[in-house]
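One file, final_9.txt, carrying compact mmCIF, C-alpha atoms:
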```
# COMPACT_ATOMS: atom_id res chain seq x y z
CA MET A 1 0.00 0.00 0.00
CA THR A 2 1.33 3.44 -0.98
CA ASP A 3 1.97 5.76 1.94
CA PRO A 4 -0.44 8.71 2.15
CA LYS A 5 0.63 12.27 1.51
CA ILE A 6 -0.76 13.55 4.81
CA SER A 7 -1.18 12.12 8.31
CA VAL A 8 -3.54 14.10 10.56
CA VAL A 9 -2.92 13.29 14.23
CA PHE A 10 -4.87 14.31 17.33
CA SER A 11 -5.76 13.09 20.80
CA SER A 12 -9.03 13.28 22.70
CA PHE A 13 -9.74 13.14 26.41
CA ASN A 14 -13.46 12.74 27.10
CA GLY A 15 -14.28 14.37 23.78
CA ALA A 16 -17.62 12.67 23.18
CA GLY A 17 -19.45 15.28 25.21
CA ARG A 18 -17.68 18.23 23.60
CA ARG A 19 -16.92 18.91 19.93
CA LEU A 20 -15.31 15.69 18.74
CA GLN A 21 -18.23 14.69 16.53
CA GLN A 22 -18.20 18.06 14.75
CA MET A 23 -14.47 17.69 14.17
CA LEU A 24 -14.91 14.25 12.64
CA ASP A 25 -17.82 15.45 10.50
CA SER A 26 -15.56 18.17 9.07
CA MET A 27 -13.01 15.50 8.16
CA LEU A 28 -15.69 13.60 6.25
CA THR A 29 -16.21 16.59 3.95
CA GLN A 30 -12.54 17.14 3.00
CA SER A 31 -12.00 17.70 -0.71
CA PHE A 32 -8.61 15.95 -0.53
CA PRO A 33 -9.08 12.35 -1.75
CA PHE A 34 -9.40 9.82 1.09
CA GLU A 35 -6.68 7.61 -0.41
CA GLN A 36 -4.14 10.43 -0.04
CA TRP A 37 -4.46 11.03 3.69
CA GLU A 38 -4.95 9.24 6.99
CA LEU A 39 -6.35 10.26 10.35
CA ILE A 40 -4.77 8.89 13.53
CA ALA A 41 -6.95 9.45 16.58
CA VAL A 42 -5.79 8.69 20.11
CA ASN A 43 -8.23 8.03 22.92
CA ASN A 44 -6.27 9.47 25.85
CA ASN A 45 -7.68 7.70 28.91
CA SER A 46 -11.27 8.80 28.30
CA SER A 47 -14.05 7.65 30.60
CA ASP A 48 -16.98 8.69 28.39
CA GLY A 49 -18.10 7.49 24.94
CA THR A 50 -15.01 8.74 23.09
CA GLN A 51 -13.82 5.26 22.09
CA GLU A 52 -17.22 4.25 20.72
CA LEU A 53 -17.55 7.52 18.79
CA LEU A 54 -14.10 7.13 17.23
CA GLU A 55 -14.75 3.52 16.26
CA ARG A 56 -18.02 4.53 14.61
CA TYR A 57 -16.32 7.17 12.47
CA ALA A 58 -13.42 4.83 11.68
CA LYS A 59 -15.87 2.96 9.47
CA LYS A 60 -16.38 6.09 7.36
CA LEU A 61 -12.95 7.75 7.46
CA PRO A 62 -9.37 6.62 6.64
CA MET A 63 -8.80 6.56 10.39
CA THR A 64 -6.78 4.50 12.83
CA VAL A 65 -7.90 4.58 16.46
CA LEU A 66 -5.33 4.13 19.22
CA ARG A 67 -5.70 3.86 22.99
CA HIS A 68 -3.23 5.66 25.23
CA PRO A 69 -4.19 5.01 28.86
CA ARG A 70 -1.59 7.29 30.46
CA PRO A 71 -3.08 10.79 30.93
CA GLY A 72 -1.38 13.57 29.01
CA LYS A 73 -1.85 15.00 25.52
CA SER A 74 1.85 15.02 24.58
CA GLY A 75 2.31 11.32 25.29
CA ALA A 76 -0.83 10.55 23.30
CA MET A 77 0.43 12.61 20.36
CA ASN A 78 3.74 10.75 20.45
CA ALA A 79 1.85 7.47 20.23
CA ALA A 80 0.15 8.81 17.09
CA LEU A 81 3.45 9.99 15.59
CA ALA A 82 4.85 6.48 15.90
CA LYS A 83 2.13 5.33 13.47
CA ALA A 84 2.13 8.27 11.05
CA ARG A 85 3.09 7.39 7.45
CA GLY A 86 2.38 10.64 5.60
CA ALA A 87 5.06 12.87 4.10
CA LEU A 88 3.32 15.70 5.95
CA VAL A 89 2.19 15.32 9.55
CA VAL A 90 -0.60 17.64 10.65
CA PHE A 91 -1.14 18.25 14.38
CA THR A 92 -4.63 19.32 15.38
CA ASP A 93 -7.17 19.15 18.21
CA ASP A 94 -10.47 17.40 18.78
CA ASP A 95 -12.39 20.69 19.04
CA VAL A 96 -11.73 22.17 15.60
CA GLU A 97 -13.90 22.21 12.50
CA ALA A 98 -11.85 22.19 9.32
CA ASP A 99 -12.76 24.01 6.13
CA VAL A 100 -13.54 21.66 3.28
CA ASN A 101 -10.29 22.53 1.45
CA TRP A 102 -8.08 22.42 4.56
CA LEU A 103 -5.95 19.41 3.64
CA SER A 104 -5.78 20.15 -0.08
CA THR A 105 -4.61 23.69 0.71
CA LEU A 106 -1.93 22.43 3.11
CA ALA A 107 -0.69 19.95 0.52
CA ALA A 108 -0.51 22.66 -2.15
CA CYS A 109 1.22 25.10 0.20
CA ALA A 110 3.88 22.58 1.23
CA GLY A 111 4.43 21.58 -2.39
CA ALA A 112 4.89 25.19 -3.48
CA ASN A 113 7.38 25.95 -0.68
CA PRO A 114 9.88 23.07 -0.61
CA ASP A 115 12.49 25.05 1.36
CA PHE A 116 10.19 25.26 4.39
CA GLY A 117 9.67 22.44 6.85
CA VAL A 118 6.95 23.66 9.21
CA PHE A 119 3.64 25.23 8.17
CA GLY A 120 1.03 26.96 10.27
CA GLY A 121 -2.51 27.36 9.01
CA GLY A 122 -5.21 29.86 9.88
CA ILE A 123 -7.16 29.34 13.10
CA LEU A 124 -10.40 31.30 13.47
CA PRO A 125 -12.63 31.41 16.55
CA ASN A 126 -15.75 29.29 16.66
CA TRP A 127 -17.65 30.99 19.49
CA GLU A 128 -20.25 29.08 21.46
CA HIS A 129 -21.80 32.51 22.08
CA TYR A 130 -20.20 35.52 20.45
CA PRO A 131 -19.14 37.76 23.37
CA GLN A 132 -20.87 40.89 22.10
CA GLY A 133 -19.83 43.89 24.14
CA ASN A 134 -17.29 41.92 26.19
CA PRO A 135 -14.19 44.15 26.55
CA LEU A 136 -11.96 41.08 26.89
CA LEU A 137 -11.77 40.85 23.10
CA ASP A 138 -9.97 44.19 23.03
CA TRP A 139 -7.76 43.44 26.03
CA ILE A 140 -6.29 39.99 25.46
CA PRO A 141 -3.89 38.42 22.94
CA MET A 142 -6.11 35.99 21.05
CA GLY A 143 -3.18 33.75 20.09
CA SER A 144 -1.85 32.77 23.49
CA THR A 145 -5.34 32.85 25.01
CA PHE A 146 -7.46 30.93 22.50
CA ALA A 147 -4.88 29.68 19.93
CA ILE A 148 -6.27 32.03 17.27
CA ALA A 149 -4.09 32.77 14.21
CA ASP A 150 -6.05 35.07 11.93
CA GLU A 151 -3.27 36.74 9.95
CA GLU A 152 -4.61 36.87 6.37
CA ARG A 153 -1.27 36.94 4.54
CA SER A 154 0.68 33.82 3.71
CA GLY A 155 4.46 33.80 3.86
CA PRO A 156 7.47 33.11 6.09
CA CYS A 157 6.67 33.61 9.76
CA ASP A 158 8.15 33.44 13.24
CA PRO A 159 7.96 29.90 14.69
CA THR A 160 6.21 31.20 17.83
CA LYS A 161 3.26 32.26 15.65
CA ILE A 162 2.37 28.69 14.70
CA TRP A 163 -0.28 27.19 16.96
CA GLY A 164 -1.14 23.61 17.86
CA PRO A 165 -4.61 23.19 16.31
CA ASN A 166 -3.17 23.75 12.81
CA THR A 167 0.52 22.80 12.60
CA THR A 168 2.11 20.80 9.78
CA VAL A 169 5.63 19.32 9.82
CA ARG A 170 7.44 17.35 7.13
CA ARG A 171 7.75 13.85 8.57
CA GLU A 172 11.37 13.49 7.47
CA LEU A 173 12.25 16.26 9.96
CA LEU A 174 10.67 14.37 12.84
CA GLY A 175 12.44 11.10 12.12
CA SER A 176 12.18 8.60 14.93
CA ASN A 177 13.35 10.84 17.75
CA VAL A 178 11.84 14.33 17.43
CA ARG A 179 8.77 14.07 19.63
CA PHE A 180 6.67 16.14 22.00
CA ARG A 181 8.12 16.69 25.46
CA GLU A 182 5.84 14.73 27.73
CA ASP A 183 6.48 17.01 30.69
CA ILE A 184 4.71 19.82 28.80
CA GLY A 185 1.11 19.94 27.61
CA PRO A 186 -2.46 19.42 28.84
CA LEU A 187 -3.12 17.05 31.72
CA PRO A 188 -6.50 16.43 33.37
CA GLY A 189 -6.86 18.56 36.48
CA GLY A 190 -4.30 20.74 38.24
CA LEU A 191 -1.63 23.03 36.83
CA PHE A 192 0.09 22.07 33.58
CA ALA A 193 2.53 23.82 31.27
CA MET A 194 1.12 25.17 28.03
CA GLY A 195 3.17 25.25 24.85
CA GLU A 196 3.93 21.68 23.78
CA ASP A 197 3.35 22.67 20.13
CA THR A 198 5.46 25.84 20.42
CA GLU A 199 8.27 23.85 22.01
CA ILE A 200 8.58 21.26 19.25
CA VAL A 201 8.34 23.89 16.48
CA SER A 202 10.92 26.09 18.22
CA ARG A 203 13.23 23.11 18.64
CA LEU A 204 13.06 22.39 14.92
CA SER A 205 13.58 26.06 14.14
CA ARG A 206 16.80 26.14 16.17
CA THR A 207 18.19 23.43 13.88
CA GLY A 208 17.59 25.65 10.84
CA VAL A 209 14.10 24.50 9.81
CA LYS A 210 12.14 27.40 8.29
CA THR A 211 8.51 28.13 9.13
CA TYR A 212 5.76 29.33 6.79
CA ARG A 213 2.20 30.58 7.27
CA CYS A 214 -0.47 29.05 4.99
CA ALA A 215 -3.24 31.49 5.85
CA GLU A 216 -5.77 29.92 3.49
CA ALA A 217 -5.63 26.51 5.23
CA ILE A 218 -8.24 27.20 7.89
CA VAL A 219 -9.72 25.47 10.91
CA HIS A 220 -12.23 26.94 13.34
CA HIS A 221 -11.34 26.49 17.01
CA TRP A 222 -14.20 25.98 19.48
CA ILE A 223 -14.33 28.57 22.27
CA PRO A 224 -16.92 27.75 24.94
CA ALA A 225 -18.73 30.59 26.65
CA SER A 226 -17.21 29.50 29.97
CA SER A 227 -13.76 30.50 28.65
CA VAL A 228 -14.70 34.09 27.85
CA THR A 229 -14.46 35.42 31.39
CA GLU A 230 -11.80 37.45 33.17
CA THR A 231 -11.29 34.71 35.75
CA TRP A 232 -10.74 31.97 33.14
CA VAL A 233 -8.35 34.07 31.07
CA GLN A 234 -6.37 35.16 34.12
CA LYS A 235 -5.98 31.58 35.34
CA ARG A 236 -4.86 30.61 31.84
CA GLY A 237 -2.11 33.16 32.33
CA GLU A 238 -0.86 31.03 35.22
CA ARG A 239 -0.56 27.99 32.94
CA LEU A 240 1.20 30.10 30.32
CA GLY A 241 3.69 31.34 32.90
CA TYR A 242 4.26 27.81 34.20
CA GLY A 243 5.45 26.68 30.77
CA MET A 244 7.76 29.61 29.99
CA PRO A 245 10.85 28.26 31.85
CA ALA A 246 10.49 25.00 29.92
CA LEU A 247 10.13 26.72 26.55
CA PHE A 248 12.51 29.64 27.01
CA ALA A 249 14.99 28.66 29.71
CA GLU A 250 17.49 31.20 28.37
CA ASP A 251 15.15 34.03 29.40
CA VAL A 252 15.01 33.05 33.08
CA PRO A 253 16.96 35.69 35.06
CA LYS A 254 20.45 34.76 36.15
CA GLY A 255 22.09 35.54 39.46
CA VAL A 256 21.07 35.19 43.08
CA ARG A 257 18.12 32.95 43.89
CA ILE A 258 16.00 32.95 47.02
CA GLY A 259 13.97 29.83 47.67
CA GLY A 260 14.96 28.59 44.24
CA ILE A 261 13.56 31.68 42.47
CA PRO A 262 15.77 34.41 40.93
CA LEU A 263 15.77 37.62 42.93
CA ARG A 264 14.71 39.59 39.83
CA THR A 265 11.68 37.32 39.45
CA TRP A 266 10.72 37.89 43.11
CA ILE A 267 10.94 41.67 42.57
CA GLU A 268 8.78 41.53 39.44
CA SER A 269 6.28 39.25 41.20
CA ALA A 270 6.05 41.63 44.16
CA ASN A 271 5.50 44.55 41.80
CA TRP A 272 2.51 42.88 40.11
CA THR A 273 1.12 41.59 43.40
CA VAL A 274 0.98 45.14 44.77
CA ARG A 275 -0.59 46.47 41.56
CA ALA A 276 -3.21 43.70 41.51
CA ALA A 277 -4.08 44.24 45.18
CA PHE A 278 -4.44 47.98 44.65
CA LEU A 279 -6.62 47.70 41.52
CA TYR A 280 -8.71 44.66 42.51
CA PRO A 281 -11.42 46.65 44.40
CA LEU A 282 -11.80 49.11 41.52
CA PRO A 283 -14.23 48.80 38.57
CA ARG A 284 -13.30 46.61 35.61
CA SER A 285 -10.70 48.10 33.30
CA LYS A 286 -7.90 46.97 31.03
CA LYS A 287 -5.29 48.11 33.58
CA ARG A 288 -7.02 46.18 36.37
CA PHE A 289 -7.40 43.06 34.22
CA TRP A 290 -3.73 42.99 33.21
CA ALA A 291 -2.45 43.57 36.73
CA ILE A 292 -4.37 40.52 37.92
CA TRP A 293 -3.34 38.53 34.82
CA LYS A 294 0.32 39.32 35.46
CA TYR A 295 -0.06 38.32 39.11
CA TYR A 296 -1.25 34.86 38.00
CA TYR A 297 1.35 34.68 35.23
CA MET A 298 4.18 35.36 37.68
CA ARG A 299 2.78 32.81 40.12
CA GLY A 300 2.87 30.21 37.36
CA TYR A 301 6.32 31.39 36.24
CA ARG A 302 7.76 30.86 39.72
CA ALA A 303 6.25 27.38 39.89
CA GLY A 304 7.64 26.65 36.42
CA ILE A 305 11.15 27.65 37.47
CA ARG A 306 10.95 25.24 40.39
CA ARG A 307 9.63 22.50 38.09
CA TYR A 308 11.84 22.90 35.04
CA MET A 309 14.92 24.75 36.33
CA PRO A 310 15.79 23.30 39.76
CA THR A 311 17.96 25.43 42.01
CA GLY A 312 21.68 25.19 41.31
CA HIS A 313 24.40 24.83 43.94
CA GLY A 314 24.96 28.55 44.28
CA SER A 315 21.27 29.27 44.73
CA GLN A 316 20.93 26.51 47.28
CA GLN A 317 23.77 28.06 49.26
CA MET A 318 22.09 31.48 49.14
CA THR A 319 18.81 29.98 50.31
CA GLN A 320 20.52 28.30 53.22
CA GLU A 321 22.32 31.51 54.23
CA ILE A 322 19.06 33.47 54.24
CA ALA A 323 17.31 30.73 56.20
CA HIS A 324 20.00 31.02 58.91
```

Give the structure from this file in structure tokens form.
Amino acid sequence: MTDPKISVVFSSFNGAGRRLQQMLDSMLTQSFPFEQWELIAVNNNSSDGTQELLERYAKKLPMTVLRHPRPGKSGAMNAALAKARGALVVFTDDDVEADVNWLSTLAACAGANPDFGVFGGGILPNWEHYPQGNPLLDWIPMGSTFAIADEERSGPCDPTKIWGPNTTVRRELLGSNVRFREDIGPLPGGLFAMGEDTEIVSRLSRTGVKTYRCAEAIVHHWIPASSVTETWVQKRGERLGYGMPALFAEDVPKGVRIGGIPLRTWIESANWTVRAAFLYPLPRSKKRFWAIWKYYYMRGYRAGIRRYMPTGHGSQQMTQEIAH
């Protein structure tokens, strides 16, 4: 059997009650011929009807269904990558709806740009309820908050502007050893580090792989109404901060550490804590929102330093001296 041109890979944790069916329906309508692509779906330790739903659609789609019982999206995606046969590997999520020409556009874009190895498509919001009049839309970065990439121009782009729900990599660049870091990415419950897609794309970029935006290859990313609140967005800032030391270790301040945290980070954290406390009782405003967001971001950032950049000998000594 001839290998397909494209492998689409995704994982789902308890997706049956969310948007998984809509995602699979959008794959049924793809204009790209079925014999030229495959879909690899991973049931990541679901306890609902996800497995049954996937098996039902496997009868209608060129789809392989895998089980990955260990919780964690990155591990599940790695299980899918081990099975991928396409020359292009497309990473996506179980809550997108793809335009009918999504895969054919990605194939054409990759074919027309052979010097590029990673491609990011357009990601538009699919609102459960459009937040009419909600000032959050004017306050927040839609990319890091909702994984929206709505730049309308195609062309070379920064690797940090390529988002997980619509990322394509030439399989030859992944080989057998370039995989998602399993200590980054969504986990059920608790605090986890965002950015597993950014990390793998950035890692490839550092080896010289060039990145390209295919703006016409579009998916629509589901945004539930429960996510369009100040509280949800601010707590997401904590997850974003938690992942930064893992993604950009070189940006963590050097020098003296106290309790494992760089002194400069403590000073910045204290600054935002005071601002948030001062503005919290006041009416809603962009300044108030961002002060609270930064408070949560810095809280996550400190936890991320402890998780991904353990205290070195010198910092341990400083901690001990302060403790005494």

Could you list, as a PyMOL selection string, every residue within 12 Å of A:Ala246, counting only C-alpha atoms and ignoring same-chain residues fewer than 2 positions away? chain A and resi 181-185+192-196+198-200+202-203+239-244+248-252+300-310

Which residues of stretch 169-207 of chain A come within 12 Å of stretch 108-128 of chain A, and what is each one's closest atom pair and distance in Å (one decimal), counting only C-alpha atoms, sorted by chain and residue number, as JSON lines?
```
{"residue": "A:Val169", "atom": "CA", "partner": "A:Val118", "partner_atom": "CA", "distance": 4.6}
{"residue": "A:Arg170", "atom": "CA", "partner": "A:Gly117", "partner_atom": "CA", "distance": 5.6}
{"residue": "A:Arg171", "atom": "CA", "partner": "A:Gly117", "partner_atom": "CA", "distance": 9.0}
{"residue": "A:Glu172", "atom": "CA", "partner": "A:Gly117", "partner_atom": "CA", "distance": 9.1}
{"residue": "A:Leu173", "atom": "CA", "partner": "A:Gly117", "partner_atom": "CA", "distance": 7.4}
{"residue": "A:Leu174", "atom": "CA", "partner": "A:Gly117", "partner_atom": "CA", "distance": 10.1}
{"residue": "A:Asp197", "atom": "CA", "partner": "A:Gly120", "partner_atom": "CA", "distance": 11.0}
{"residue": "A:Thr198", "atom": "CA", "partner": "A:Gly120", "partner_atom": "CA", "distance": 11.1}
{"residue": "A:Ile200", "atom": "CA", "partner": "A:Val118", "partner_atom": "CA", "distance": 10.5}
{"residue": "A:Val201", "atom": "CA", "partner": "A:Val118", "partner_atom": "CA", "distance": 7.4}
{"residue": "A:Ser202", "atom": "CA", "partner": "A:Val118", "partner_atom": "CA", "distance": 10.1}
{"residue": "A:Arg203", "atom": "CA", "partner": "A:Val118", "partner_atom": "CA", "distance": 11.3}
{"residue": "A:Leu204", "atom": "CA", "partner": "A:Val118", "partner_atom": "CA", "distance": 8.5}
{"residue": "A:Ser205", "atom": "CA", "partner": "A:Val118", "partner_atom": "CA", "distance": 8.6}
{"residue": "A:Thr207", "atom": "CA", "partner": "A:Gly117", "partner_atom": "CA", "distance": 11.1}
```

Atom pair atom CA of A:Leu263 / atom CA of A:Lys235: separation (Å): 23.8 Å

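Between atom CA of A:Arg19 and atom CA of A:Tyr130 there is a distance of 16.9 Å.
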
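You can rank A:Pro156, A:Thr273, A:Pro131, A:Phe91 by their closest distance to A:Ser74 using only C-alpha atoms, and at the top of that list sits A:Phe91.
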
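Here atom CA of A:Val8 is placed at a distance of 6.1 Å from atom CA of A:Ile40.
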
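Excluding A:Asp25 itself and any same-chain residue fewer than 6 positions from it, the protein and nucleic acid residues within 10 Å of it, counting only C-alpha atoms, are Tyr57, Lys60, Leu61, Glu97 and Ala98 of chain A.
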
Which is closest to A:Met27 among A:Leu81, A:Ile148, A:Leu39, A:Val228, if we use only C-alpha atoms? A:Leu39

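Here the question is which of A:Glu238, A:Glu52, A:Glu268, A:Asp3 gets nearest to A:Pro253 using all atoms listed in the file, and that residue is A:Glu268.
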
Exercise on stretch 201-205 of chain A, axis-aligned box with 8 Å per side, report centre and edge lengths in Å to one decimal, as lines of an AutoDock Vina configuration file:
```
center_x = 11.0
center_y = 24.2
center_z = 16.4
size_x = 21.2
size_y = 19.7
size_z = 20.5
```

Closest of A:Arg18, A:Trp290, A:Ser269, A:Met63 to A:Pro224 - atom-to-atom distances counting all atoms listed in the file: A:Arg18

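Using all atoms listed in the file for every distance, the candidate list A:Ala41, A:Ile223, A:Arg56, A:Val100 yields A:Ala41 as the residue closest to A:Asn78.
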
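The smallest atom-to-atom distance between A:Tyr297 and any of A:Thr50, A:Asn45, A:Ser285, A:Thr265, using all atoms listed in the file, is found for A:Thr265.
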
Excluding A:Asp95 and residues on its chain fewer than 2 positions from it, collect all residues at most 7 Å away from it, counting only C-alpha atoms, and give them as a PyMOL selection string. chain A and resi 19-20+23+93+97+221-222

For the residues in the current selection, export C-alpha atoms as a PDB file, in the coordinates of the input.
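Done, and the output landed in again.pdb:
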```
ATOM      1  CA  ARG A  19     -16.920  18.910  19.930  1.00  0.00           C
ATOM      2  CA  LEU A  20     -15.310  15.690  18.740  1.00  0.00           C
ATOM      3  CA  MET A  23     -14.470  17.690  14.170  1.00  0.00           C
ATOM      4  CA  ASP A  93      -7.170  19.150  18.210  1.00  0.00           C
ATOM      5  CA  GLU A  97     -13.900  22.210  12.500  1.00  0.00           C
ATOM      6  CA  HIS A 221     -11.340  26.490  17.010  1.00  0.00           C
ATOM      7  CA  TRP A 222     -14.200  25.980  19.480  1.00  0.00           C
TER       8      TRP A 222
END
```
